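S.K.: To be precise about what I am sending: the file is called upload_39.cif and holds mmCIF, C-alpha atoms.
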data_protein
loop_
_atom_site.label_atom_id
_atom_site.label_comp_id
_atom_site.auth_asym_id
_atom_site.auth_seq_id
_atom_site.Cartn_x
_atom_site.Cartn_y
_atom_site.Cartn_z
CA MET A 1 -28.65 -14.91 -18.51
CA GLY A 2 -30.36 -16.58 -21.35
CA ILE A 3 -28.06 -15.07 -23.89
CA GLU A 4 -25.88 -18.13 -24.31
CA SER A 5 -28.76 -20.27 -25.37
CA ALA A 6 -29.85 -17.55 -27.74
CA LEU A 7 -26.37 -17.03 -29.17
CA GLY A 8 -25.13 -20.56 -29.49
CA ASP A 9 -21.83 -21.14 -31.27
CA GLY A 10 -22.57 -19.39 -34.46
CA TYR A 11 -21.60 -16.47 -36.59
CA PHE A 12 -23.35 -13.93 -34.40
CA THR A 13 -21.40 -15.00 -31.34
CA THR A 14 -18.07 -14.81 -33.08
CA GLN A 15 -18.84 -11.37 -34.39
CA ILE A 16 -19.78 -10.16 -30.94
CA ASP A 17 -16.67 -11.85 -29.63
CA SER A 18 -14.39 -10.03 -32.02
CA LEU A 19 -15.99 -6.74 -31.12
CA THR A 20 -15.86 -7.17 -27.35
CA ASN A 21 -12.40 -8.73 -27.44
CA TRP A 22 -11.12 -5.90 -29.56
CA ALA A 23 -12.58 -3.44 -27.08
CA ARG A 24 -11.27 -5.27 -24.02
CA SER A 25 -7.80 -5.88 -25.36
CA ASN A 26 -7.30 -2.28 -26.39
CA ALA A 27 -8.40 -0.96 -23.01
CA ALA A 28 -6.66 -3.21 -20.50
CA TRP A 29 -6.27 -0.94 -17.51
CA PRO A 30 -3.59 -2.29 -15.19
CA MET A 31 -3.81 -2.58 -11.42
CA PRO A 32 -0.19 -2.10 -10.48
CA MET A 33 0.76 -4.29 -7.54
CA GLY A 34 4.18 -2.70 -7.28
CA LEU A 35 5.79 -4.35 -4.31
CA ALA A 36 9.53 -3.91 -4.83
CA CYS A 37 12.17 -2.86 -7.34
CA CYS A 38 10.17 -4.08 -10.34
CA ALA A 39 7.77 -1.26 -9.57
CA ILE A 40 10.37 1.23 -10.81
CA GLU A 41 10.51 -0.50 -14.16
CA MET A 42 6.73 -0.54 -14.16
CA MET A 43 6.78 3.21 -13.69
CA ALA A 44 9.13 3.41 -16.67
CA PHE A 45 6.71 1.21 -18.59
CA ALA A 46 4.03 3.82 -17.91
CA GLY A 47 6.35 6.72 -18.59
CA PRO A 48 6.77 8.60 -21.86
CA LYS A 49 9.56 6.56 -23.43
CA TYR A 50 8.00 3.10 -23.20
CA ASP A 51 4.47 4.31 -23.23
CA ALA A 52 1.87 1.88 -21.96
CA ALA A 53 -0.93 4.28 -22.79
CA ARG A 54 -0.52 3.72 -26.51
CA PHE A 55 -1.47 0.08 -25.92
CA GLY A 56 -4.64 1.11 -24.18
CA SER A 57 -3.36 0.83 -20.63
CA GLU A 58 -4.13 4.46 -20.29
CA VAL A 59 -4.34 4.73 -16.54
CA MET A 60 -2.82 2.75 -13.73
CA ARG A 61 -5.91 2.33 -11.66
CA PHE A 62 -4.90 1.73 -8.10
CA SER A 63 -8.36 0.56 -7.33
CA PRO A 64 -9.15 -3.07 -8.12
CA ARG A 65 -12.73 -2.18 -9.02
CA GLN A 66 -11.64 -0.21 -12.06
CA SER A 67 -8.91 -2.37 -13.52
CA ASP A 68 -8.57 -5.39 -15.79
CA VAL A 69 -4.98 -6.56 -15.48
CA MET A 70 -3.06 -7.01 -12.24
CA ILE A 71 0.69 -6.60 -12.66
CA VAL A 72 2.45 -8.22 -9.69
CA ALA A 73 5.79 -6.41 -9.69
CA GLY A 74 8.12 -7.59 -6.99
CA TRP A 75 8.47 -10.41 -4.54
CA VAL A 76 5.49 -11.48 -2.49
CA ASN A 77 5.82 -12.16 1.23
CA TYR A 78 3.49 -14.65 2.85
CA LYS A 79 1.74 -11.88 4.76
CA MET A 80 1.31 -9.74 1.67
CA ALA A 81 -0.01 -12.73 -0.26
CA HIS A 82 -3.26 -12.57 1.69
CA ALA A 83 -3.77 -8.91 0.83
CA ILE A 84 -2.94 -9.51 -2.83
CA ARG A 85 -5.35 -12.44 -3.03
CA ARG A 86 -8.08 -10.33 -1.53
CA ILE A 87 -7.43 -7.50 -3.97
CA TRP A 88 -7.45 -10.02 -6.81
CA ASP A 89 -10.81 -11.32 -5.59
CA GLN A 90 -12.13 -7.78 -5.51
CA MET A 91 -11.32 -7.16 -9.16
CA PRO A 92 -14.36 -7.66 -11.35
CA ASP A 93 -14.24 -10.25 -14.11
CA PRO A 94 -12.84 -10.53 -16.72
CA LYS A 95 -9.37 -10.12 -15.30
CA TRP A 96 -5.86 -11.21 -16.16
CA CYS A 97 -2.57 -11.30 -14.29
CA ILE A 98 1.01 -10.56 -15.26
CA ALA A 99 3.80 -11.85 -13.01
CA MET A 100 6.55 -9.32 -13.58
CA GLY A 101 10.11 -10.22 -12.84
CA ALA A 102 11.88 -13.22 -11.43
CA CYS A 103 10.55 -12.76 -7.91
CA ALA A 104 6.90 -12.70 -8.84
CA SER A 105 7.31 -15.61 -11.24
CA THR A 106 9.32 -18.00 -9.08
CA GLY A 107 10.53 -16.30 -5.96
CA GLY A 108 13.64 -15.05 -7.75
CA MET A 109 16.75 -14.52 -5.71
CA HIS A 110 14.75 -14.77 -2.48
CA ARG A 111 14.78 -18.49 -1.93
CA CYS A 112 13.79 -18.34 1.73
CA TYR A 113 11.04 -18.95 4.20
CA GLY A 114 9.44 -15.55 4.06
CA VAL A 115 8.92 -15.19 0.30
CA VAL A 116 6.29 -17.04 -1.69
CA GLN A 117 8.15 -18.92 -4.40
CA GLY A 118 6.11 -17.53 -7.26
CA CYS A 119 2.83 -15.70 -7.09
CA ASP A 120 1.21 -18.45 -9.17
CA ASN A 121 0.94 -20.37 -5.91
CA PHE A 122 -2.16 -18.34 -5.16
CA LEU A 123 -2.98 -16.34 -8.31
CA PRO A 124 -3.91 -17.56 -11.80
CA VAL A 125 -1.10 -15.94 -13.79
CA ASP A 126 -1.50 -15.38 -17.53
CA ALA A 127 1.89 -14.00 -18.50
CA TYR A 128 5.28 -14.30 -16.88
CA VAL A 129 8.05 -11.78 -17.50
CA SER A 130 11.59 -12.82 -16.74
CA GLY A 131 14.26 -10.37 -15.73
CA CYS A 132 15.54 -8.79 -12.59
CA PRO A 133 14.13 -6.28 -13.22
CA PRO A 134 12.72 -6.84 -16.69
CA ARG A 135 13.16 -4.00 -19.13
CA PRO A 136 10.04 -1.94 -19.68
CA ASP A 137 9.83 -3.29 -23.22
CA ALA A 138 9.73 -6.80 -21.80
CA LEU A 139 6.70 -5.76 -19.78
CA LEU A 140 5.20 -4.25 -22.91
CA HIS A 141 5.75 -7.62 -24.59
CA ALA A 142 3.84 -9.27 -21.75
CA LEU A 143 1.05 -6.74 -22.14
CA MET A 144 0.90 -7.54 -25.83
CA LYS A 145 0.73 -11.24 -24.98
CA ILE A 146 -2.20 -10.51 -22.70
CA GLN A 147 -3.83 -8.60 -25.52
CA ASP A 148 -3.34 -11.58 -27.83
CA LYS A 149 -4.76 -13.83 -25.16
CA ILE A 150 -7.83 -11.65 -24.84
CA ARG A 151 -8.32 -11.55 -28.58
CA THR A 152 -7.87 -15.23 -29.26
CA GLU A 153 -8.80 -17.10 -26.11
CA HIS A 154 -11.60 -15.07 -24.57
CA SER A 155 -15.22 -15.39 -25.49
CA VAL A 156 -18.53 -13.99 -24.40
CA MET A 157 -19.69 -17.58 -23.95
CA LEU A 158 -17.29 -17.90 -21.01
CA ASP A 159 -18.73 -14.88 -19.32
CA THR A 160 -22.36 -15.83 -19.12
CA MET B 161 -40.01 28.21 -34.00
CA LEU B 162 -40.27 24.89 -32.26
CA SER B 163 -38.08 23.37 -34.95
CA ASN B 164 -35.18 25.39 -33.51
CA TYR B 165 -35.16 22.98 -30.63
CA LEU B 166 -34.84 19.90 -32.82
CA PRO B 167 -31.05 19.53 -32.44
CA ILE B 168 -31.40 19.62 -28.66
CA VAL B 169 -34.07 16.97 -28.79
CA ILE B 170 -31.90 14.77 -30.98
CA LEU B 171 -28.98 15.25 -28.54
CA GLY B 172 -31.16 14.27 -25.63
CA VAL B 173 -32.46 11.20 -27.38
CA ILE B 174 -28.97 10.07 -28.36
CA ALA B 175 -27.72 10.55 -24.81
CA ILE B 176 -30.53 8.54 -23.29
CA VAL B 177 -30.34 5.81 -25.91
CA LEU B 178 -26.56 5.53 -25.57
CA ALA B 179 -26.69 5.29 -21.81
CA LEU B 180 -29.38 2.63 -21.91
CA LEU B 181 -27.60 0.74 -24.66
CA LEU B 182 -24.27 0.63 -22.83
CA MET B 183 -25.89 -0.47 -19.59
CA THR B 184 -27.83 -3.21 -21.33
CA LEU B 185 -24.82 -4.43 -23.27
CA SER B 186 -22.65 -4.72 -20.21
CA LYS B 187 -25.41 -6.51 -18.33
CA VAL B 188 -25.94 -8.96 -21.17
CA LEU B 189 -22.41 -9.53 -22.38
CA GLY B 190 -20.50 -9.04 -19.17
CA PRO B 191 -19.69 -11.73 -16.65
CA SER B 192 -21.29 -11.70 -13.24
CA ARG B 193 -19.53 -13.81 -10.67
CA PRO B 194 -20.13 -12.26 -7.27
CA ASN B 195 -18.50 -13.80 -4.25
CA LYS B 196 -18.13 -12.74 -0.67
CA THR B 197 -14.71 -11.17 -1.04
CA LYS B 198 -15.60 -9.32 -4.19
CA LEU B 199 -18.49 -7.58 -2.49
CA GLN B 200 -16.45 -6.43 0.50
CA PRO B 201 -15.45 -2.76 0.62
CA TYR B 202 -11.92 -2.19 -0.65
CA GLU B 203 -9.36 -1.28 1.96
CA SER B 204 -6.02 -2.21 0.36
CA GLY B 205 -6.52 -5.90 0.97
CA MET B 206 -6.99 -5.56 4.73
CA ASP B 207 -10.12 -5.97 6.79
CA PRO B 208 -12.03 -2.67 6.82
CA VAL B 209 -11.38 -0.60 9.94
CA GLY B 210 -13.87 1.92 11.26
CA GLU B 211 -16.98 3.47 9.78
CA ALA B 212 -17.20 4.70 6.21
CA ARG B 213 -19.20 7.79 7.17
CA ASP B 214 -17.30 10.64 8.73
CA ARG B 215 -18.05 14.12 9.97
CA TYR B 216 -17.14 16.92 7.63
CA SER B 217 -17.16 20.69 7.72
CA ILE B 218 -20.44 22.57 7.52
CA SER B 219 -18.77 25.12 5.26
CA PHE B 220 -19.44 22.80 2.33
CA TYR B 221 -23.18 23.27 2.90
CA LEU B 222 -22.86 27.03 3.21
CA VAL B 223 -20.82 27.38 0.04
CA ALA B 224 -23.30 25.20 -1.83
CA MET B 225 -26.19 27.30 -0.61
CA GLU B 226 -24.51 30.52 -1.70
CA PHE B 227 -23.76 28.99 -5.06
CA ILE B 228 -27.41 28.06 -5.63
CA VAL B 229 -28.62 31.56 -4.82
CA PHE B 230 -26.17 33.35 -7.08
CA ASP B 231 -26.43 30.78 -9.83
CA LEU B 232 -30.16 31.34 -10.01
CA GLU B 233 -29.52 35.05 -10.08
CA VAL B 234 -27.31 34.52 -13.11
CA VAL B 235 -30.00 32.38 -14.71
CA PHE B 236 -32.36 35.31 -14.43
CA VAL B 237 -29.82 37.85 -15.64
CA PHE B 238 -28.66 35.95 -18.74
CA PRO B 239 -31.87 36.10 -20.86
CA TRP B 240 -32.12 39.80 -20.25
CA ALA B 241 -28.42 40.43 -20.80
CA VAL B 242 -28.30 38.90 -24.30
CA ARG B 243 -30.99 41.28 -25.62
CA TYR B 244 -30.83 44.21 -23.27
CA LEU B 245 -30.65 46.74 -26.09
CA ASP B 246 -34.07 45.71 -27.38
CA TYR B 247 -35.82 45.83 -24.06
CA GLY B 248 -35.70 49.41 -22.94
CA VAL B 249 -34.88 51.33 -19.82
CA GLY B 250 -37.59 49.87 -17.59
CA THR B 251 -36.06 46.45 -17.61
CA LEU B 252 -32.67 48.00 -16.90
CA VAL B 253 -34.06 49.61 -13.78
CA ALA B 254 -35.74 46.37 -12.69
CA MET B 255 -32.58 44.37 -13.26
CA THR B 256 -30.49 46.90 -11.39
CA ILE B 257 -32.79 46.71 -8.37
CA PHE B 258 -32.68 42.91 -8.52
CA ILE B 259 -28.91 42.75 -8.69
CA ILE B 260 -28.46 45.38 -5.98
CA THR B 261 -30.78 43.47 -3.65
CA LEU B 262 -28.81 40.30 -4.05
CA PHE B 263 -25.56 42.22 -3.78
CA ILE B 264 -26.61 43.56 -0.38
CA GLY B 265 -27.26 39.97 0.61
CA LEU B 266 -23.75 39.06 -0.55
CA ILE B 267 -22.18 41.82 1.51
CA TYR B 268 -24.09 40.54 4.51
CA THR B 269 -22.84 36.95 4.09
CA VAL B 270 -19.27 38.10 3.59
CA LYS B 271 -19.41 40.22 6.74
CA VAL B 272 -20.98 37.45 8.80
CA GLY B 273 -18.15 35.23 7.69
CA THR B 274 -19.90 32.33 5.99
CA LEU B 275 -17.42 32.40 3.14
CA ASN B 276 -14.44 32.08 5.48
CA TRP B 277 -13.67 28.41 5.38
CA ASP B 278 -13.07 27.98 9.08
CA MET B 279 -15.78 30.48 10.05
CA LYS B 280 -13.57 32.19 12.59
CA LYS B 281 -13.91 35.91 11.87
CA GLY B 282 -17.23 37.57 11.26
CA MET B 283 -19.76 40.02 12.56
CA PHE B 284 -21.29 37.64 15.03
CA ASN B 285 -18.18 35.71 16.12
CA MET C 286 46.54 -8.69 22.66
CA ASP C 287 46.97 -4.98 22.24
CA LEU C 288 43.86 -2.93 22.47
CA GLU C 289 43.81 0.45 20.77
CA LEU C 290 40.96 2.08 22.59
CA SER C 291 39.99 5.67 21.97
CA GLU C 292 39.51 8.10 24.85
CA THR C 293 35.82 7.47 25.28
CA GLN C 294 36.20 3.72 24.98
CA GLN C 295 39.02 3.72 27.52
CA ALA C 296 36.90 5.82 29.85
CA VAL C 297 34.05 3.33 29.44
CA VAL C 298 36.31 0.36 30.18
CA ASP C 299 37.74 2.10 33.25
CA GLY C 300 34.27 3.06 34.45
CA LEU C 301 32.93 -0.44 33.99
CA SER C 302 35.92 -2.01 35.72
CA GLY C 303 35.38 0.41 38.58
CA ASP C 304 31.62 0.39 39.09
CA PHE C 305 30.54 -2.90 37.58
CA THR C 306 33.47 -5.20 38.29
CA ASP C 307 31.28 -8.28 38.71
CA ALA C 308 29.37 -7.78 35.52
CA PHE C 309 32.25 -6.78 33.24
CA ILE C 310 33.65 -9.93 31.62
CA GLU C 311 35.96 -8.92 28.80
CA VAL C 312 36.69 -6.38 26.10
CA TYR C 313 38.11 -7.20 22.69
CA GLN C 314 38.44 -5.65 19.29
CA SER C 315 37.65 -7.06 15.91
CA SER C 316 37.84 -5.35 12.51
CA GLY C 317 38.22 -1.96 14.12
CA ASP C 318 35.18 -2.32 16.43
CA THR C 319 35.26 -2.61 20.20
CA PHE C 320 33.13 -5.31 21.87
CA ILE C 321 32.46 -5.38 25.59
CA ARG C 322 30.93 -8.54 27.03
CA VAL C 323 28.94 -8.21 30.22
CA GLU C 324 26.70 -10.35 32.40
CA SER C 325 23.11 -10.42 31.26
CA GLU C 326 21.67 -9.59 34.71
CA ALA C 327 23.37 -6.19 34.82
CA ILE C 328 22.62 -5.05 31.31
CA VAL C 329 20.01 -2.43 32.18
CA ASP C 330 22.18 -0.79 34.83
CA ILE C 331 25.17 -0.80 32.52
CA CYS C 332 23.16 0.71 29.67
CA ARG C 333 21.77 3.41 31.91
CA TYR C 334 25.26 4.15 33.19
CA LEU C 335 26.62 4.39 29.65
CA LYS C 336 23.80 6.65 28.57
CA ASP C 337 24.02 9.00 31.55
CA GLU C 338 27.74 9.12 32.28
CA HIS C 339 29.37 8.56 28.92
CA HIS C 340 26.71 10.17 26.70
CA PHE C 341 25.93 7.13 24.54
CA ILE C 342 22.55 8.51 23.74
CA TYR C 343 21.89 6.75 20.44
CA LEU C 344 21.03 3.08 20.30
CA SER C 345 21.81 2.08 16.75
CA ASP C 346 20.89 -1.60 16.74
CA VAL C 347 20.03 -4.61 18.84
CA PHE C 348 20.63 -7.93 17.15
CA GLY C 349 20.99 -11.56 18.06
CA ILE C 350 23.52 -14.26 17.30
CA ASP C 351 22.97 -17.99 17.40
CA ARG C 352 26.39 -19.41 18.23
CA PHE C 353 25.10 -22.98 18.04
CA THR C 354 27.28 -24.03 20.96
CA SER C 355 26.01 -26.30 23.71
CA ARG C 356 26.52 -23.68 26.44
CA GLU C 357 25.45 -20.04 26.22
CA ARG C 358 23.97 -20.50 22.81
CA PHE C 359 22.53 -17.07 22.14
CA GLU C 360 24.11 -13.65 22.17
CA VAL C 361 22.35 -10.32 22.14
CA VAL C 362 24.47 -7.43 20.91
CA TYR C 363 23.69 -3.78 21.51
CA ASN C 364 25.29 -1.26 19.16
CA ILE C 365 25.39 2.13 20.89
CA ILE C 366 26.75 5.41 19.59
CA SER C 367 28.02 8.49 21.34
CA LEU C 368 27.22 11.45 19.14
CA ARG C 369 29.37 13.79 21.17
CA ALA C 370 32.50 11.69 20.84
CA ARG C 371 31.48 10.20 17.48
CA GLU C 372 32.23 6.71 18.75
CA HIS C 373 30.35 3.51 18.65
CA LEU C 374 30.55 0.53 20.94
CA PHE C 375 29.13 -3.02 20.98
CA ILE C 376 27.83 -4.45 24.24
CA LYS C 377 27.26 -8.22 24.25
CA VAL C 378 25.44 -10.53 26.58
CA ARG C 379 25.42 -14.33 26.32
CA LEU C 380 22.32 -16.31 27.12
CA PRO C 381 21.80 -20.03 27.71
CA GLU C 382 19.65 -22.06 25.37
CA GLU C 383 17.24 -23.44 27.98
CA ASN C 384 16.27 -20.05 29.31
CA PRO C 385 17.22 -17.18 27.00
CA VAL C 386 15.86 -14.34 29.11
CA VAL C 387 17.29 -10.86 29.42
CA GLU C 388 15.77 -7.68 30.70
CA SER C 389 14.52 -5.20 28.14
CA ILE C 390 16.36 -1.90 27.78
CA THR C 391 13.37 0.04 26.46
CA GLY C 392 13.48 2.00 29.69
CA VAL C 393 16.86 3.39 28.65
CA TRP C 394 16.42 3.82 24.89
CA LYS C 395 12.88 3.79 23.47
CA SER C 396 14.06 2.58 20.09
CA ALA C 397 14.92 -0.79 21.60
CA ASN C 398 11.20 -1.60 21.47
CA TRP C 399 11.03 -2.85 17.91
CA MET C 400 14.62 -4.05 17.82
CA GLU C 401 14.02 -6.38 20.73
CA ARG C 402 10.79 -7.57 19.13
CA GLU C 403 12.85 -8.53 16.10
CA VAL C 404 15.35 -10.46 18.23
CA TYR C 405 12.48 -12.27 19.89
CA ASP C 406 10.82 -13.06 16.58
CA MET C 407 13.97 -14.40 14.96
CA PHE C 408 15.72 -16.15 17.87
CA GLY C 409 13.21 -16.65 20.64
CA VAL C 410 15.07 -14.54 23.20
CA GLU C 411 12.63 -13.35 25.86
CA PHE C 412 12.80 -9.76 27.05
CA THR C 413 11.22 -9.13 30.45
CA ASN C 414 9.45 -5.83 31.14
CA HIS C 415 9.01 -5.19 27.45
CA PRO C 416 6.06 -2.83 26.81
CA ASP C 417 4.87 -4.58 23.63
CA PHE C 418 6.23 -8.08 23.61
CA ARG C 419 5.10 -9.84 20.43
CA ARG C 420 6.40 -10.93 17.07
CA ILE C 421 7.17 -8.30 14.52
CA PHE C 422 7.75 -10.02 11.17
CA MET C 423 6.24 -13.49 11.25
CA PRO C 424 2.54 -13.98 11.94
CA GLU C 425 1.48 -14.16 15.58
CA ASP C 426 0.80 -17.88 15.53
CA PHE C 427 4.08 -18.87 13.89
CA ASP C 428 5.63 -21.72 15.85
CA TYR C 429 9.29 -21.41 15.02
CA PHE C 430 12.14 -18.94 15.28
CA PRO C 431 13.51 -18.51 11.75
CA LEU C 432 17.08 -17.33 12.33
CA ARG C 433 18.02 -20.18 14.61
CA LYS C 434 20.52 -22.41 12.92
CA GLU C 435 18.30 -25.48 12.89
CA PHE C 436 15.51 -23.72 10.96
CA PRO C 437 15.79 -24.69 7.27
CA LEU C 438 16.36 -21.93 4.75
CA LEU C 439 13.16 -22.53 2.83
CA GLY C 440 11.07 -22.81 5.94
CA ILE C 441 8.95 -25.63 7.22
CA PRO C 442 6.13 -26.54 4.85
CA GLY C 443 2.79 -25.83 6.40
CA SER C 444 4.09 -23.53 9.09
CA ILE C 445 2.73 -20.42 7.39
CA ASP C 446 -0.38 -20.48 5.30
CA LEU C 447 -0.96 -19.22 1.81
CA PRO C 448 -4.27 -17.69 0.75
CA SER C 449 -6.68 -20.02 -0.99
CA THR C 450 -6.53 -20.39 -4.74
CA THR C 451 -10.28 -20.10 -5.17
CA PRO C 452 -12.45 -17.21 -4.11
CA ASP C 453 -14.87 -17.91 -1.32
CA PRO C 454 -18.30 -18.79 -2.65
CA GLU C 455 -21.01 -16.37 -1.69
#
Represent the structure contained in this file as structure tokens.
M.R.:
Amino acid sequence: MGIESALGDGYFTTQIDSLTNWARSNAAWPMPMGLACCAIEMMAFAGPKYDAARFGSEVMRFSPRQSDVMIVAGWVNYKMAHAIRRIWDQMPDPKWCIAMGACASTGGMHRCYGVVQGCDNFLPVDAYVSGCPPRPDALLHALMKIQDKIRTEHSVMLDT
Amino acid sequence: MLSNYLPIVILGVIAIVLALLLMTLSKVLGPSRPNKTKLQPYESGMDPVGEARDRYSISFYLVAMEFIVFDLEVVFVFPWAVRYLDYGVGTLVAMTIFIITLFIGLIYTVKVGTLNWDMKKGMFN
Amino acid sequence: MDLELSETQQAVVDGLSGDFTDAFIEVYQSSGDTFIRVESEAIVDICRYLKDEHHFIYLSDVFGIDRFTSRERFEVVYNIISLRAREHLFIKVRLPEENPVVESITGVWKSANWMEREVYDMFGVEFTNHPDFRRIFMPEDFDYFPLRKEFPLLGIPGSIDLPSTTPDPE
């Protein structure tokens, strides 16, 4: 649209940026791609003790159309990688990705022919969480890093 | 007397303005990067299998129809019911006839079996 | 070598020595389990005999072994269980590397269907008369058999494809 020529790089843009980034970072609905044991810790992350809802991740939307953040929790097989890539493509922009656990980040303990050695081989990952499985507060830390990333690195100028 | 409706008008205006504003903002400020995969129907990452449209029970239609009839009956009863003391006996008689007529209709539908979900037992089955 | 066979296992060994003398090769025990090695041509008849006569009605597992020897490279092992006697037994067949073919036992136990597909997928052992003979884990066009000893642990680069890193343009 013609908005970027109208906005330019000025004060108005940065004010809109802070507003939309504040809104987006405080309402980052996750798409849980819970593939293996890390999914249990992701459930704990959404549970009452380590509450993800207080950070704005109110609902785990299992539909890619309604989510902002994809949390890949668990190791990715080569066959599953195609499905995950397609679901990632079906998420509307702007979207971010958290690779939860050792297996999603680098293949983890599964150093073999059937497991993709890190989901960043086919997904643009924004935050990596180490651990096998990571504690729910480690995943909260990653969510907070995503929130910081949205607030500081995202701009409306990128979206138009 | 028309000024009594002012709050409702304000509510309506705010609703319409808010809806239009949010739609415009997301169109203007939001990204739009369609690609072939994004526009495909979602089926858990697999290729879609089968048709999206399916047959479903006709009981939904029957229940909806019944709801419309009795909802409109309620719409007619409510204005009378809030001020029935001021209106006199004639309206009471008229209302009673109205409600009894519709009640006979209700007995008929229950006996025919339209409110049974699987429509198995009824007068005509 | 002293064999401590239970009643059912002794009955099986006696029955096999009696009815299937040509096919019955040896019986041995290892870690408390009894292994019976038979000829691969007679496996279906032996399995049917075990199921009907000795009540081994539960096929627990079918798995393969790559012995990596120059002769009779592959082994297929059938783990069968008799619920009545609460016993289990391992039946082995050895197959040559050039032509690892054995008849499928899905006619005897239906559960062998997927188990034999797994053995085919991982080792390349062919099962004749199999109702649904195709790979089960790896994609259909995968060229190798992963659990053979010469297949590297991390796989062969390029043998299985990753999804693209960019979305398809409209």
S.K.: Within 8 Å of A:Asn21, counting all atoms listed in the file, which residues show up once you throw out same-chain ones fewer than 6 positions away? Write them as an MDAnalysis selection string, please.
M.R.: chainID A and resid 150:151 154:155
S.K.: Within 9 Å of chain B, which residues of chain A are there when counting all atoms listed in the file? Please give them as an mmCIF file with C-alpha atoms, in the coordinates of the input.
M.R.:
data_model
loop_
_atom_site.group_PDB
_atom_site.id
_atom_site.type_symbol
_atom_site.label_atom_id
_atom_site.label_comp_id
_atom_site.auth_asym_id
_atom_site.auth_seq_id
_atom_site.Cartn_x
_atom_site.Cartn_y
_atom_site.Cartn_z
ATOM 1 C CA MET A 1 -28.650 -14.910 -18.510
ATOM 2 C CA GLY A 2 -30.360 -16.580 -21.350
ATOM 3 C CA ILE A 3 -28.060 -15.070 -23.890
ATOM 4 C CA ILE A 16 -19.780 -10.160 -30.940
ATOM 5 C CA THR A 20 -15.860 -7.170 -27.350
ATOM 6 C CA SER A 63 -8.360 0.560 -7.330
ATOM 7 C CA PRO A 64 -9.150 -3.070 -8.120
ATOM 8 C CA ARG A 65 -12.730 -2.180 -9.020
ATOM 9 C CA MET A 80 1.310 -9.740 1.670
ATOM 10 C CA HIS A 82 -3.260 -12.570 1.690
ATOM 11 C CA ALA A 83 -3.770 -8.910 0.830
ATOM 12 C CA ILE A 84 -2.940 -9.510 -2.830
ATOM 13 C CA ARG A 85 -5.350 -12.440 -3.030
ATOM 14 C CA ARG A 86 -8.080 -10.330 -1.530
ATOM 15 C CA ILE A 87 -7.430 -7.500 -3.970
ATOM 16 C CA TRP A 88 -7.450 -10.020 -6.810
ATOM 17 C CA ASP A 89 -10.810 -11.320 -5.590
ATOM 18 C CA GLN A 90 -12.130 -7.780 -5.510
ATOM 19 C CA MET A 91 -11.320 -7.160 -9.160
ATOM 20 C CA PRO A 92 -14.360 -7.660 -11.350
ATOM 21 C CA ASP A 93 -14.240 -10.250 -14.110
ATOM 22 C CA PRO A 94 -12.840 -10.530 -16.720
ATOM 23 C CA VAL A 156 -18.530 -13.990 -24.400
ATOM 24 C CA MET A 157 -19.690 -17.580 -23.950
ATOM 25 C CA LEU A 158 -17.290 -17.900 -21.010
ATOM 26 C CA ASP A 159 -18.730 -14.880 -19.320
ATOM 27 C CA THR A 160 -22.360 -15.830 -19.120
#
S.K.: Starting from the shown file, work through the PyMOL selection byres ((chain A) within 7 of (chain C)) and note down what comes out as JSON, numbers by chain.
M.R.: {"A": [78, 81, 82, 85, 89, 111, 112, 113, 122, 123]}
S.K.: Quick one: apply the PyMOL selection byres ((chain C and resi 368) around 8) to the file and drop the selected residues here as a JSON list (two decimals) with C-alpha atoms, in the frame of the given file.
M.R.:
[["chain", "number", "residue", "atom", "x", "y", "z"],
["C", 340, "HIS", "CA", 26.71, 10.17, 26.70],
["C", 341, "PHE", "CA", 25.93, 7.13, 24.54],
["C", 342, "ILE", "CA", 22.55, 8.51, 23.74],
["C", 343, "TYR", "CA", 21.89, 6.75, 20.44],
["C", 366, "ILE", "CA", 26.75, 5.41, 19.59],
["C", 367, "SER", "CA", 28.02, 8.49, 21.34],
["C", 369, "ARG", "CA", 29.37, 13.79, 21.17],
["C", 370, "ALA", "CA", 32.50, 11.69, 20.84],
["C", 371, "ARG", "CA", 31.48, 10.20, 17.48],
["C", 372, "GLU", "CA", 32.23, 6.71, 18.75]]
S.K.: My list of candidates is A:Gln147, A:Ser105, A:Ser18, A:Thr152. Which is closest to A:Pro134 when distances are computed with all atoms listed in the file?
M.R.: A:Ser105
S.K.: Rounded to one decimal place, report the atom CA of A:Ile98-atom CA of A:Ala28 distance in Å.
M.R.: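 Those two atoms sit 11.8 Å apart.
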S.K.: Hey, what's within 12 Å of stretch 391-396 of chain C if we count all atoms listed in the file and toss same-chain stuff fewer than 6 positions away? As a ChimeraX atom specification, please?
M.R.: /C:328-337,341-347,363-366,402-403,412-418
S.K.: Which residue is closest to C:Lys434? Choose from C:Asp318, C:Asp351, C:Glu292, C:Asp307 and count only C-alpha atoms.
M.R.: C:Asp351
S.K.: Give as number ranges by chain the set of residues within 12 Å of the point (-0.5, 4.3, -23.5), where distances use the file's coordinates and only C-alpha atoms.
M.R.: A: 26-30, 44-60, 140, 143
S.K.: If I take atom CA of B:Val235 and atom CA of B:Tyr165, how far is one from the other in Å, to one decimal?
M.R.: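 Distance reported for this atom pair: 19.2 Å.
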